[in-house]
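Have a look at input27.txt; it's compact mmCIF, C-alpha atoms:
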```
# COMPACT_ATOMS: atom_id res chain seq x y z
CA MET A 1 307.92 23.00 268.50
CA THR A 2 308.99 19.41 269.24
CA GLU A 3 310.58 16.79 267.10
CA THR A 4 308.75 13.50 266.70
CA ALA A 5 309.88 10.24 268.20
CA ALA A 6 310.33 8.83 264.70
CA GLY A 7 313.00 11.43 264.15
CA VAL A 8 315.06 10.24 267.08
CA SER A 9 316.38 7.34 265.02
CA GLY A 10 320.08 6.98 264.59
CA ARG A 11 322.12 4.47 262.66
CA PHE A 12 324.04 2.74 265.41
CA THR A 13 325.10 -0.87 265.46
CA ARG A 14 324.16 -1.45 269.09
CA PRO A 15 321.98 0.29 271.71
CA GLN A 16 323.66 3.01 273.76
CA ARG A 17 323.83 2.51 277.51
CA TRP A 18 322.00 5.76 278.23
CA LEU A 19 318.90 4.98 276.18
CA LEU A 20 315.59 4.14 277.77
CA PRO A 21 313.80 0.92 276.78
CA GLY A 22 311.55 1.57 273.84
CA ASP A 23 313.54 4.58 272.58
CA LEU A 24 313.96 4.71 268.84
CA LEU A 25 317.64 5.60 268.84
CA THR A 26 318.70 2.02 268.10
CA GLU A 27 318.84 0.46 264.71
CA PRO A 28 315.55 -1.06 263.44
CA ALA A 29 315.13 -4.75 264.12
CA ASP A 30 314.78 -5.67 260.45
CA HIS A 31 318.28 -4.25 259.84
CA VAL A 32 320.01 -6.49 262.40
CA ALA A 33 321.79 -9.50 260.95
CA ALA A 34 320.31 -12.83 261.95
CA PRO A 35 322.44 -15.18 264.06
CA GLY A 36 324.79 -17.09 261.84
CA ALA A 37 324.37 -14.67 258.92
CA PRO A 38 327.44 -13.08 257.34
CA GLY A 39 328.57 -10.16 259.43
CA ALA A 40 326.53 -11.17 262.47
CA PRO A 41 328.25 -11.73 265.83
CA GLY A 42 329.51 -15.26 266.00
CA ALA A 43 329.10 -15.82 262.24
CA PRO A 44 331.52 -18.25 260.60
CA ASP A 45 332.81 -15.57 258.20
CA ALA A 46 333.28 -12.58 260.48
CA ALA A 47 335.28 -10.71 257.85
CA VAL A 48 332.25 -10.27 255.60
CA ARG A 49 330.64 -6.90 256.26
CA ARG A 50 326.90 -6.80 256.43
CA PRO A 51 324.98 -4.42 254.16
CA ARG A 52 324.71 -0.92 255.47
CA PRO A 53 321.18 -0.33 256.77
CA ARG A 54 319.00 2.26 255.18
CA PRO A 55 318.32 5.38 257.23
CA PRO A 56 314.82 5.66 258.65
CA ARG A 57 312.43 7.68 256.57
CA ARG A 58 311.21 11.03 257.81
CA THR A 59 307.56 11.26 258.64
CA PRO A 60 305.49 14.26 257.53
CA ARG A 61 305.88 15.68 261.02
CA ASP A 62 309.65 15.22 260.83
CA TRP A 63 309.71 17.14 257.57
CA ALA A 64 307.65 19.93 259.12
CA VAL A 65 309.99 20.19 262.11
CA ASP A 66 313.15 20.05 260.00
CA LEU A 67 311.90 22.66 257.55
CA THR A 68 310.90 24.95 260.43
CA LEU A 69 314.31 24.69 262.11
CA PHE A 70 316.11 25.08 258.78
CA GLY A 71 314.00 28.11 257.93
CA TRP A 72 314.69 29.66 261.34
CA SER A 73 318.43 29.07 260.99
CA LEU A 74 318.48 30.34 257.40
CA GLY A 75 316.58 33.47 258.42
CA MET A 76 319.05 34.17 261.22
CA TRP A 77 321.89 33.53 258.74
CA ALA A 78 320.50 36.09 256.31
CA LEU A 79 319.94 38.62 259.10
CA MET A 80 323.51 38.27 260.29
CA VAL A 81 325.09 38.29 256.80
CA PHE A 82 323.18 41.23 255.33
CA MET A 83 322.52 43.42 258.39
CA VAL A 84 324.95 42.66 261.22
CA LEU A 85 328.22 41.74 259.50
CA PRO A 86 328.43 44.96 257.44
CA THR A 87 328.45 46.92 260.71
CA LEU A 88 331.36 44.94 262.16
CA GLU A 89 334.09 46.73 260.22
CA HIS A 90 336.71 46.12 262.89
CA LEU A 91 336.68 42.33 262.28
CA PRO A 92 339.60 40.88 260.34
CA GLU A 93 338.95 40.38 256.65
CA TRP A 94 339.41 36.60 256.82
CA MET A 95 336.67 36.34 259.46
CA ARG A 96 334.31 38.40 257.31
CA VAL A 97 335.04 36.15 254.33
CA ILE A 98 334.49 32.77 256.02
CA ASP A 99 331.55 33.85 258.22
CA ALA A 100 328.78 33.40 255.64
CA PRO A 101 329.97 30.02 254.23
CA LEU A 102 330.45 28.58 257.71
CA GLY A 103 327.03 29.79 258.77
CA LEU A 104 325.45 28.22 255.69
CA LEU A 105 327.33 24.99 256.42
CA ALA A 106 325.91 24.97 259.94
CA CYS A 107 322.40 25.47 258.55
CA CYS A 108 322.82 22.55 256.14
CA ALA A 109 324.18 20.35 258.96
CA LEU A 110 320.74 20.43 260.55
CA TRP A 111 319.54 17.92 257.94
CA VAL A 112 321.89 15.21 259.24
CA ARG A 113 321.61 15.94 262.97
CA ARG A 114 319.16 13.03 263.45
CA ARG A 115 321.63 10.43 262.17
CA HIS A 116 324.84 12.04 263.45
CA PRO A 117 323.99 14.19 266.49
CA LEU A 118 327.46 13.96 268.06
CA ALA A 119 329.34 14.82 264.84
CA VAL A 120 327.12 17.84 264.18
CA ALA A 121 327.50 19.02 267.79
CA LEU A 122 331.30 18.79 267.53
CA LEU A 123 331.28 20.57 264.18
CA ILE A 124 329.42 23.59 265.50
CA VAL A 125 331.97 24.27 268.27
CA PRO A 126 334.76 25.70 266.03
CA VAL A 127 332.19 27.21 263.65
CA GLY A 128 330.53 29.15 266.50
CA ALA A 129 333.92 30.55 267.50
CA VAL A 130 334.41 32.48 264.22
CA SER A 131 330.95 32.79 262.60
CA ALA A 132 328.14 35.06 263.74
CA SER A 133 325.83 33.83 260.94
CA ALA A 134 325.81 30.32 262.49
CA PHE A 135 324.06 31.72 265.57
CA GLY A 136 320.60 30.53 264.45
CA ALA A 137 321.78 27.02 263.59
CA LEU A 138 323.69 26.91 266.88
CA GLY A 139 320.47 27.10 268.89
CA ALA A 140 318.80 24.33 266.84
CA ILE A 141 321.89 22.13 267.22
CA MET A 142 321.90 22.70 271.00
CA LEU A 143 318.27 21.55 271.03
CA SER A 144 319.22 18.39 269.11
CA THR A 145 322.26 17.80 271.35
CA ALA A 146 320.21 17.90 274.54
CA LEU A 147 317.58 15.69 272.94
CA ARG A 148 319.77 12.94 271.50
CA LEU A 149 323.02 12.73 273.45
CA PRO A 150 323.69 11.59 277.03
CA THR A 151 323.25 14.32 279.60
CA ARG A 152 326.92 14.58 280.59
CA ARG A 153 328.09 14.67 276.99
CA ALA A 154 325.44 17.23 276.09
CA LEU A 155 326.42 19.46 279.02
CA ALA A 156 330.08 19.27 277.99
CA LEU A 157 329.20 20.36 274.45
CA LEU A 158 327.01 23.18 275.79
CA ALA A 159 329.89 24.43 277.96
CA ALA A 160 332.28 24.25 275.00
CA ASN A 161 329.94 26.30 272.82
CA VAL A 162 329.40 28.91 275.55
CA ILE A 163 333.16 29.20 276.09
CA VAL A 164 333.94 29.75 272.40
CA VAL A 165 330.96 32.02 271.66
CA ILE A 166 331.57 34.48 274.49
CA PRO A 167 335.03 35.63 273.24
CA TYR A 168 333.65 36.12 269.73
CA PHE A 169 330.86 38.41 270.94
CA VAL A 170 333.25 40.25 273.23
CA PHE A 171 335.55 40.83 270.28
CA CYS A 172 332.63 41.94 268.10
CA SER A 173 331.52 44.45 270.75
CA LEU A 174 334.94 46.07 271.42
CA PRO A 175 334.17 49.41 269.73
CA GLU A 176 330.94 49.76 271.71
CA GLU A 177 331.48 50.38 275.38
CA ASN A 178 328.00 49.54 276.72
CA SER A 179 326.72 46.66 274.59
CA GLY A 180 329.31 43.93 275.32
CA TRP A 181 327.73 42.50 278.44
CA GLY A 182 324.26 42.61 276.92
CA ASP A 183 325.41 40.58 273.91
CA ILE A 184 327.09 38.05 276.18
CA PHE A 185 324.02 37.60 278.36
CA PHE A 186 321.79 37.32 275.30
CA SER A 187 323.97 34.66 273.62
CA VAL A 188 324.27 32.58 276.80
CA ALA A 189 320.53 32.82 277.49
CA TYR A 190 319.84 31.90 273.86
CA LEU A 191 321.91 28.72 274.08
CA LEU A 192 320.52 27.79 277.51
CA MET A 193 316.96 28.28 276.28
CA PHE A 194 317.36 25.86 273.37
CA PHE A 195 319.29 23.40 275.53
CA ALA A 196 316.56 23.46 278.22
CA TRP A 197 313.98 23.00 275.47
CA GLY A 198 315.77 19.86 274.33
CA ILE A 199 316.06 18.51 277.88
CA ALA A 200 312.34 19.11 278.48
CA THR A 201 311.40 17.42 275.20
CA ARG A 202 313.60 14.45 276.02
CA ALA A 203 312.10 14.12 279.49
CA ARG A 204 308.62 14.24 277.98
CA ARG A 205 309.49 11.51 275.48
CA GLN A 206 310.93 9.33 278.21
CA LEU A 207 307.79 9.85 280.25
CA VAL A 208 305.64 8.88 277.29
CA VAL A 209 307.75 5.74 276.76
CA ARG A 210 307.38 4.79 280.42
CA LEU A 211 303.63 5.45 280.32
CA ARG A 212 303.27 3.31 277.24
CA GLN A 213 305.24 0.53 278.88
CA ASP A 214 303.12 0.82 282.02
CA ALA A 215 299.98 0.76 279.89
CA GLY A 216 301.26 -2.31 278.07
CA ARG A 217 302.02 -4.05 281.36
CA GLU A 218 298.61 -3.04 282.68
CA ARG A 219 296.90 -4.45 279.59
CA ALA A 220 298.86 -7.68 279.96
CA GLU A 221 298.00 -7.85 283.67
CA HIS A 222 294.35 -7.16 282.89
CA ALA A 223 294.35 -9.91 280.26
CA ARG A 224 295.95 -12.28 282.79
CA ARG A 225 293.35 -11.40 285.43
CA MET A 226 290.56 -11.92 282.91
CA ALA A 227 292.02 -15.29 281.91
CA ASP A 228 292.27 -16.29 285.57
CA ALA A 229 288.69 -15.16 286.15
CA ARG A 230 287.46 -17.14 283.15
CA ARG A 231 289.40 -20.21 284.27
CA THR A 232 287.99 -19.90 287.80
CA GLU A 233 284.49 -19.50 286.42
CA ARG A 234 284.90 -22.55 284.20
CA GLU A 235 286.11 -24.56 287.19
CA ALA A 236 283.09 -23.40 289.19
CA ILE A 237 280.78 -24.37 286.34
CA ALA A 238 282.50 -27.75 286.06
CA ARG A 239 281.99 -28.36 289.78
CA GLU A 240 278.35 -27.35 289.51
CA MET A 241 277.77 -29.66 286.55
CA HIS A 242 279.45 -32.52 288.38
CA ASP A 243 277.37 -32.00 291.51
CA VAL A 244 274.12 -31.71 289.55
CA LEU A 245 274.54 -34.41 286.94
CA ALA A 246 276.38 -37.01 289.03
CA HIS A 247 273.38 -37.20 291.38
CA ARG A 248 270.83 -37.52 288.59
CA ILE A 249 272.82 -39.96 286.47
CA SER A 250 273.47 -42.18 289.48
CA LEU A 251 269.71 -42.28 290.17
CA LEU A 252 269.11 -43.24 286.55
CA SER A 253 271.72 -45.98 286.83
CA VAL A 254 270.14 -47.39 289.98
CA HIS A 255 266.61 -47.42 288.52
CA ALA A 256 267.71 -48.82 285.18
CA GLY A 257 269.82 -51.51 286.89
CA ALA A 258 266.98 -52.55 289.14
CA LEU A 259 264.55 -52.66 286.21
CA ALA A 260 266.96 -54.73 284.12
CA TYR A 261 267.53 -57.14 286.99
CA ARG A 262 263.84 -57.60 287.81
CA THR A 263 262.89 -58.20 284.18
CA SER A 264 265.68 -60.70 283.53
CA GLY A 265 265.46 -64.42 284.05
CA ALA A 266 268.00 -64.25 286.88
CA ALA A 267 265.40 -62.73 289.19
CA GLY A 268 262.91 -65.57 288.75
CA ALA A 269 264.10 -67.51 291.76
CA HIS A 270 264.41 -64.52 294.07
CA ALA A 271 261.61 -62.10 293.32
CA LYS A 272 258.23 -61.90 291.69
CA PRO A 273 258.43 -60.71 288.09
CA LEU A 274 257.30 -57.13 287.49
CA SER A 275 253.86 -56.48 286.12
CA ASP A 276 253.25 -54.22 283.16
CA THR A 277 252.12 -51.45 285.53
CA GLU A 278 255.31 -51.69 287.58
CA VAL A 279 257.44 -51.66 284.46
CA GLY A 280 255.59 -48.55 283.29
CA GLU A 281 256.10 -46.86 286.65
CA SER A 282 259.81 -47.65 286.64
CA ALA A 283 260.15 -46.34 283.09
CA GLN A 284 258.31 -43.19 284.15
CA VAL A 285 260.71 -42.68 287.07
CA ILE A 286 263.68 -43.10 284.71
CA ARG A 287 262.11 -40.67 282.27
CA ASP A 288 261.44 -38.09 284.99
CA ASN A 289 265.00 -38.28 286.27
CA ALA A 290 266.43 -38.00 282.74
CA HIS A 291 264.20 -34.99 282.10
CA GLN A 292 265.28 -33.44 285.41
CA ALA A 293 268.95 -34.00 284.53
CA LEU A 294 268.46 -32.24 281.20
CA GLU A 295 266.70 -29.32 282.90
CA GLU A 296 269.49 -28.90 285.44
CA LEU A 297 272.09 -29.15 282.68
CA ARG A 298 270.24 -26.42 280.77
CA GLU A 299 270.29 -24.19 283.85
CA VAL A 300 274.04 -24.64 284.31
CA LEU A 301 274.71 -23.93 280.63
CA THR A 302 272.51 -20.85 280.82
CA VAL A 303 274.67 -19.54 283.66
CA LEU A 304 277.78 -20.42 281.62
CA ARG A 305 276.50 -18.24 278.77
CA GLY A 306 276.34 -15.25 281.08
CA THR A 307 272.72 -15.17 282.20
CA ALA A 308 272.20 -12.57 284.93
CA PRO A 309 271.45 -13.74 288.50
CA GLY A 310 267.75 -14.39 288.94
CA ALA A 311 267.09 -14.82 285.23
CA LEU A 312 266.61 -18.56 285.66
CA THR A 313 263.68 -18.09 288.03
CA GLU A 314 262.20 -15.31 285.92
CA ALA A 315 262.42 -17.47 282.79
CA GLY A 316 260.56 -20.31 284.41
CA GLY A 317 263.59 -22.39 285.39
CA ARG A 318 264.27 -23.89 288.78
CA PRO A 319 265.77 -21.62 291.42
CA GLN A 320 269.11 -22.52 292.99
CA PRO A 321 268.80 -25.25 295.66
CA ARG A 322 268.55 -24.29 299.33
CA ILE A 323 268.78 -26.07 302.68
CA ALA A 324 264.99 -26.32 302.88
CA GLU A 325 265.04 -28.61 299.83
CA ILE A 326 267.33 -31.18 301.45
CA GLY A 327 264.24 -33.08 302.70
CA GLU A 328 263.04 -33.44 299.11
CA LEU A 329 266.52 -34.60 298.09
CA VAL A 330 266.49 -37.28 300.81
CA ALA A 331 262.98 -38.38 299.79
CA GLU A 332 264.11 -38.71 296.20
CA ALA A 333 267.06 -40.88 297.28
CA THR A 334 264.70 -43.01 299.39
CA ARG A 335 262.44 -43.58 296.41
CA ALA A 336 265.53 -44.76 294.51
CA GLY A 337 266.05 -47.50 297.12
CA GLN A 338 268.52 -45.83 299.47
CA ARG A 339 268.01 -45.94 303.22
CA VAL A 340 268.52 -42.42 304.51
CA VAL A 341 267.89 -40.88 307.95
CA LEU A 342 267.83 -37.07 308.06
CA ASP A 343 268.48 -35.33 311.39
CA GLN A 344 268.31 -31.52 311.40
CA LYS A 345 269.29 -29.97 314.74
CA TYR A 346 268.58 -26.27 314.48
CA ALA A 347 265.61 -24.00 314.86
CA GLU A 348 263.06 -24.31 312.08
CA GLY A 349 263.51 -21.57 309.48
CA ALA A 350 266.79 -20.36 311.01
CA THR A 351 268.82 -21.28 307.94
CA GLU A 352 266.84 -18.90 305.75
CA ALA A 353 269.10 -16.12 307.01
CA LEU A 354 272.13 -17.79 305.44
CA ARG A 355 273.25 -16.33 302.13
CA ASP A 356 272.30 -18.19 298.96
CA GLN A 357 275.84 -19.36 298.22
CA ALA A 358 276.16 -21.02 301.64
CA GLN A 359 272.75 -22.69 301.31
CA ARG A 360 273.65 -24.02 297.87
CA THR A 361 276.95 -25.36 299.24
CA VAL A 362 275.17 -27.24 302.06
CA TYR A 363 272.75 -28.73 299.55
CA ARG A 364 275.61 -29.83 297.29
CA VAL A 365 277.43 -31.45 300.23
CA VAL A 366 274.40 -33.61 301.05
CA GLN A 367 273.86 -34.36 297.37
CA GLU A 368 277.48 -35.42 296.87
CA GLY A 369 277.36 -37.57 300.05
CA LEU A 370 274.25 -39.42 298.89
CA THR A 371 275.72 -39.88 295.40
CA ASN A 372 278.97 -41.33 296.79
CA ALA A 373 277.07 -43.65 299.12
CA ARG A 374 274.91 -44.80 296.19
CA LYS A 375 278.05 -45.58 294.19
CA HIS A 376 280.27 -47.17 296.82
CA ALA A 377 277.93 -48.46 299.54
CA PRO A 378 274.64 -49.50 297.91
CA GLY A 379 272.00 -50.61 300.39
CA ALA A 380 273.85 -49.16 303.42
CA LEU A 381 272.03 -47.00 305.97
CA ILE A 382 272.99 -43.36 305.47
CA THR A 383 272.73 -40.83 308.28
CA VAL A 384 272.58 -37.15 307.33
CA THR A 385 272.99 -34.76 310.27
CA LEU A 386 272.85 -30.96 310.14
CA VAL A 387 273.82 -29.20 313.37
CA GLY A 388 274.42 -25.51 313.94
CA ALA A 389 273.27 -22.14 315.17
CA PRO A 390 273.92 -18.50 314.23
CA GLY A 391 277.38 -17.47 315.41
CA GLN A 392 278.44 -21.09 316.02
CA GLY A 393 278.71 -22.39 312.46
CA LEU A 394 276.92 -25.16 310.60
CA THR A 395 278.19 -28.75 310.48
CA VAL A 396 276.97 -31.23 307.88
CA ARG A 397 277.81 -34.87 308.66
CA ILE A 398 277.05 -37.79 306.31
CA ARG A 399 277.87 -41.27 307.61
CA ASN A 400 277.40 -44.72 306.14
CA PRO A 401 278.88 -48.13 307.02
CA LEU A 402 281.58 -49.48 304.74
CA PRO A 403 280.21 -52.07 302.29
CA VAL A 404 281.11 -55.70 302.92
CA THR A 405 279.94 -57.20 299.63
CA THR A 406 278.24 -55.81 296.57
CA GLY A 407 274.54 -56.60 296.44
CA ALA A 408 273.26 -58.86 293.72
CA GLY A 409 272.13 -57.14 290.58
CA ARG A 410 273.94 -53.95 291.39
CA GLU A 411 276.63 -52.74 289.03
CA HIS A 412 279.41 -50.31 289.75
CA ILE A 413 278.42 -46.75 288.83
CA PRO A 414 281.32 -44.98 287.12
CA GLY A 415 282.39 -41.50 288.14
CA ALA A 416 285.03 -38.88 287.48
CA GLY A 417 286.65 -39.33 290.89
CA ALA A 418 286.86 -35.56 291.43
CA GLY A 419 283.67 -34.97 293.39
CA LEU A 420 285.25 -34.59 296.82
CA ALA A 421 288.08 -32.46 295.45
CA GLY A 422 285.62 -30.07 293.81
CA LEU A 423 283.47 -30.08 296.93
CA GLU A 424 286.47 -29.24 299.11
CA GLU A 425 287.32 -26.29 296.86
CA ARG A 426 283.73 -25.07 296.89
CA ILE A 427 283.62 -25.19 300.70
CA ALA A 428 286.98 -23.44 300.98
CA LEU A 429 285.61 -20.57 298.90
CA ASP A 430 282.84 -20.20 301.47
CA GLY A 431 285.35 -20.11 304.32
CA GLY A 432 284.67 -23.64 305.54
CA THR A 433 286.52 -26.95 305.82
CA LEU A 434 285.83 -30.47 304.56
CA LEU A 435 286.95 -33.69 306.26
CA HIS A 436 286.35 -37.22 304.99
CA GLY A 437 287.62 -40.67 305.85
CA THR A 438 286.82 -43.93 307.61
CA THR A 439 286.29 -44.24 311.35
CA ASN A 440 285.05 -47.34 313.22
CA GLY A 441 284.04 -49.20 310.07
CA ALA A 442 282.10 -46.30 308.59
CA PHE A 443 282.80 -43.58 306.08
CA GLU A 444 282.18 -40.01 307.23
CA LEU A 445 281.95 -36.82 305.23
CA VAL A 446 282.00 -33.74 307.49
CA ALA A 447 281.68 -30.18 306.23
CA LYS A 448 281.93 -27.19 308.53
CA LEU A 449 280.68 -23.84 307.26
CA PRO A 450 280.51 -20.42 308.94
CA TRP A 451 277.10 -19.23 310.13
CA PRO A 452 277.22 -15.51 310.98
CA ALA A 453 275.41 -14.34 314.07
CA THR A 454 273.48 -11.73 312.07
```

Represent the structure from my file as C-alpha cells, please.
Amino acid sequence: MTETAAGVSGRFTRPQRWLLPGDLLTEPADHVAAPGAPGAPGAPDAAVRRPRPRPPRRTPRDWAVDLTLFGWSLGMWALMVFMVLPTLEHLPEWMRVIDAPLGLLACCALWVRRRHPLAVALLIVPVGAVSASAFGALGAIMLSTALRLPTRRALALLAANVIVVIPYFVFCSLPEENSGWGDIFFSVAYLLMFFAWGIATRARRQLVVRLRQDAGRERAEHARRMADARRTEREAIAREMHDVLAHRISLLSVHAGALAYRTSGAAGAHAKPLSDTEVGESAQVIRDNAHQALEELREVLTVLRGTAPGALTEAGGRPQPRIAEIGELVAEATRAGQRVVLDQKYAEGATEALRDQAQRTVYRVVQEGLTNARKHAPGALITVTLVGAPGQGLTVRIRNPLPVTTGAGREHIPGAGAGLAGLEERIALDGGTLLHGTTNGAFELVAKLPWPAT
C-alpha cells in the first residue's frame, strides 16, 4: 500500500529545503501571487494578505489509500476499545474514560495528515502515551511522518513516540509477569515497520522523480542532437547544391554571354556573324546545360527528401560523381571556351579503391576550381593536377594566372561567395585540408585528402 504522489501536496508558502526538485510538497504554481500583486513579495501594499489557496484535490487513488488507512485504524480502535480495554481493569478510571475518544481523534487526524504532517505527528505523541486505541492510527501516522517530513525530524518524532509508548505498555502489562517484554517488542517493531515503509516509499518516489528528470533531460538532449543533425544535413545539402548548380549556371552564363555578343552589332568589326546553324548549336548547348542543371537539382532535392542511398541510380538518375569523371568535366569546360590542362599522376584505376565520399569530394574540388576560374579569370590557362598514391594521400592542385583585364564581351558572373568556405568544410569532414591563395602571379587551390593504403 503506497500513497500517490498527488497526495504528497502540502499547503506551504515556500518550498522546504529538504524537498527534491519536482516533489509535489510545494504550493501549486497557480496559487502563487504574481510579482507586484497584493501580498506578493516586493508588492507595494505588503500588508494586504493574499487569498488562501485551495487545498489540492484528492485523486481516486488518494481516496482509496486514505479510506484503507482509516479503515485499518478504525478497526484497531474497535479491537482495542471492545476487547482489550475491558481486560485492563488495573488502569485508572480517567485513562479508561479518555482512551476511546483520543483513539477516535487520532483516527480522524489521518484525514488531514497530507496538509499538516508535522502537526498530526506532534499530536499523536501525547495521545500515544495514554491511549491504547490510538495504536492503529499511530502506525499510519508514522508512515506519513517518514514520508513527508525531513529525515532528522521524522526520526526525532519516531523516538518520541517509542519513548512514550513503552511506559504505557509496561504499565498495562504489570499484572502479567511474562507478557511485558513481548508487548514492548511488538509495539516497537510495529512502529519501526510503518516508519521503514514510509522511508522506502519516499525513497522510491525520489527515485521516480530523478528518473523522470533524467528522462526529460535525455529527451531534450535527443531533440538537440536531432536538431544538430538536421542542421548539419541541411548545410551538407546546401554545399552540394552550390557545388552542382554554380558549375552549371556559370556554363550557361558563359554560353549565353558569348551568343549575345556574337549576335550583337558590336561583334561586326571583330568576328564573323554567326550563321543560323551556329546559333542553333549554341542554343542547344544552353538547353542541354539548363536541362542538366535541373536534373542535378532534382537529384539533390531527392536526397534532401530522404531517398535511400543508391535509389538515384536505381530510379534512372545519375550516380554520384567520381574521380574517373573528371576528364568529362574538363572536356565540358573546354567546350565552354575554357583552356584547361589535366595532369593525373597516379596509376590508372587506382582511385577506384577510394570510398565514394572521397571521390565525390575530389570531383567537387575540381568543379569548384573550374567554376571560380571561369568567374574570376576568364580565358586564363587552367592547370588541374592530381597526384597521389595509396598510403601517401591525394593532392588536387588547380592553378590559373591572375587576370590582367576582363575580356571583351564577358560579364561578371555573380556568386554566393561561399564556395571555398563550403569546400573547406567538406574536405575537413573527409580528414583533409584546403589551401588557397596567390603565389607568383597565379591563384592556386590545393586540396590534400587521405588515401588509405588498403

Requested in this report: For A:Gly379, work out the shell of residues within 8 Å, counting only C-alpha atoms and skipping chain neighbours fewer than 4 positions away, then give it as a list of chain:residue names.
Outcome: A:Gly337, A:Gln338, A:Arg339, A:Arg374, A:Gly407

Requested in this report: Quick one: pull the distance between atom CA of A:Val97 and atom CA of A:Val162, Å, one decimal.
Outcome: 23.1 Å

**Report entry** Neighbours of point (315.1, 23.9, 265.4) within 12 Å, using only C-alpha atoms, written as an MDAnalysis selection string
**Finding:** chainID A and resid 1:3 62:76 107 109:111 113:114 135:145 147 193:195 197:198

Query raised in the report: Counting all atoms listed in the file, which residues come within 12 Å of (329.2, 34.9, 253.0), with the point read in the file's coordinates, and could you list them as an MDAnalysis selection string?
Result: chainID A and resid 77:82 85:86 93:105 131:134

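Across the model, the gap from atom CA of A:Val396 to atom CA of A:Thr439 is 16.4 Å.
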
Query - A:Gly327 surroundings by all atoms listed in the file, 10 Å radius, close-in-sequence under 6 positions cut, as a list in words - result: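 Everything that qualifies: Ala333, Leu342, Asp343 and Gln344 of chain A.
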
Query - Between atom CA of A:Ile398 and atom CA of A:Ile249 - distance in Å to one decimal - result: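 Separation between atom CA of A:Ile249 and atom CA of A:Ile398: 20.4 Å.
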
Report task. Considering only C-alpha atoms, return as a PyMOL selection string whatever protein or nucleic-acid residues lie within 12 Å of A:Val330, sequence-local ones (same chain, fewer than 2 positions apart) excluded. Result -> chain A and resi 247+323-328+332-343+363+366-371+382-385+398

Query raised in the report: Nearest to A:Glu348 among A:Val362, A:Met241, A:Leu386, A:Leu434, with distances taken over only C-alpha atoms: which residue is it?
Result: A:Leu386

Query - Residue among A:Gln320, A:Ser250, A:Thr201, A:Thr351 lying closest to A:Pro378, counting all atoms listed in the file - result: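 Closest residue, counting all atoms listed in the file: A:Ser250.
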
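The environment of A:Arg148 within 8 Å, counting only C-alpha atoms and disregarding residues fewer than 2 places along the same chain, consists of Val8, Pro117, Ser144, Thr145, Ala146, Pro150 and Arg202 of chain A.
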
How would the residues just chosen look if you wrote them out with C-alpha atoms as an mmCIF file, in the coordinates of the input?
```cif
data_model
loop_
_atom_site.group_PDB
_atom_site.id
_atom_site.type_symbol
_atom_site.label_atom_id
_atom_site.label_comp_id
_atom_site.auth_asym_id
_atom_site.auth_seq_id
_atom_site.Cartn_x
_atom_site.Cartn_y
_atom_site.Cartn_z
ATOM 1 C CA VAL A 8 315.060 10.240 267.080
ATOM 2 C CA PRO A 117 323.990 14.190 266.490
ATOM 3 C CA SER A 144 319.220 18.390 269.110
ATOM 4 C CA THR A 145 322.260 17.800 271.350
ATOM 5 C CA ALA A 146 320.210 17.900 274.540
ATOM 6 C CA PRO A 150 323.690 11.590 277.030
ATOM 7 C CA ARG A 202 313.600 14.450 276.020
#
```

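Compared by their closest atoms to A:Val112, and using all atoms listed in the file, the residues A:Arg234, A:Arg58, A:Lys375, A:Arg204 rank with A:Arg58 nearest.
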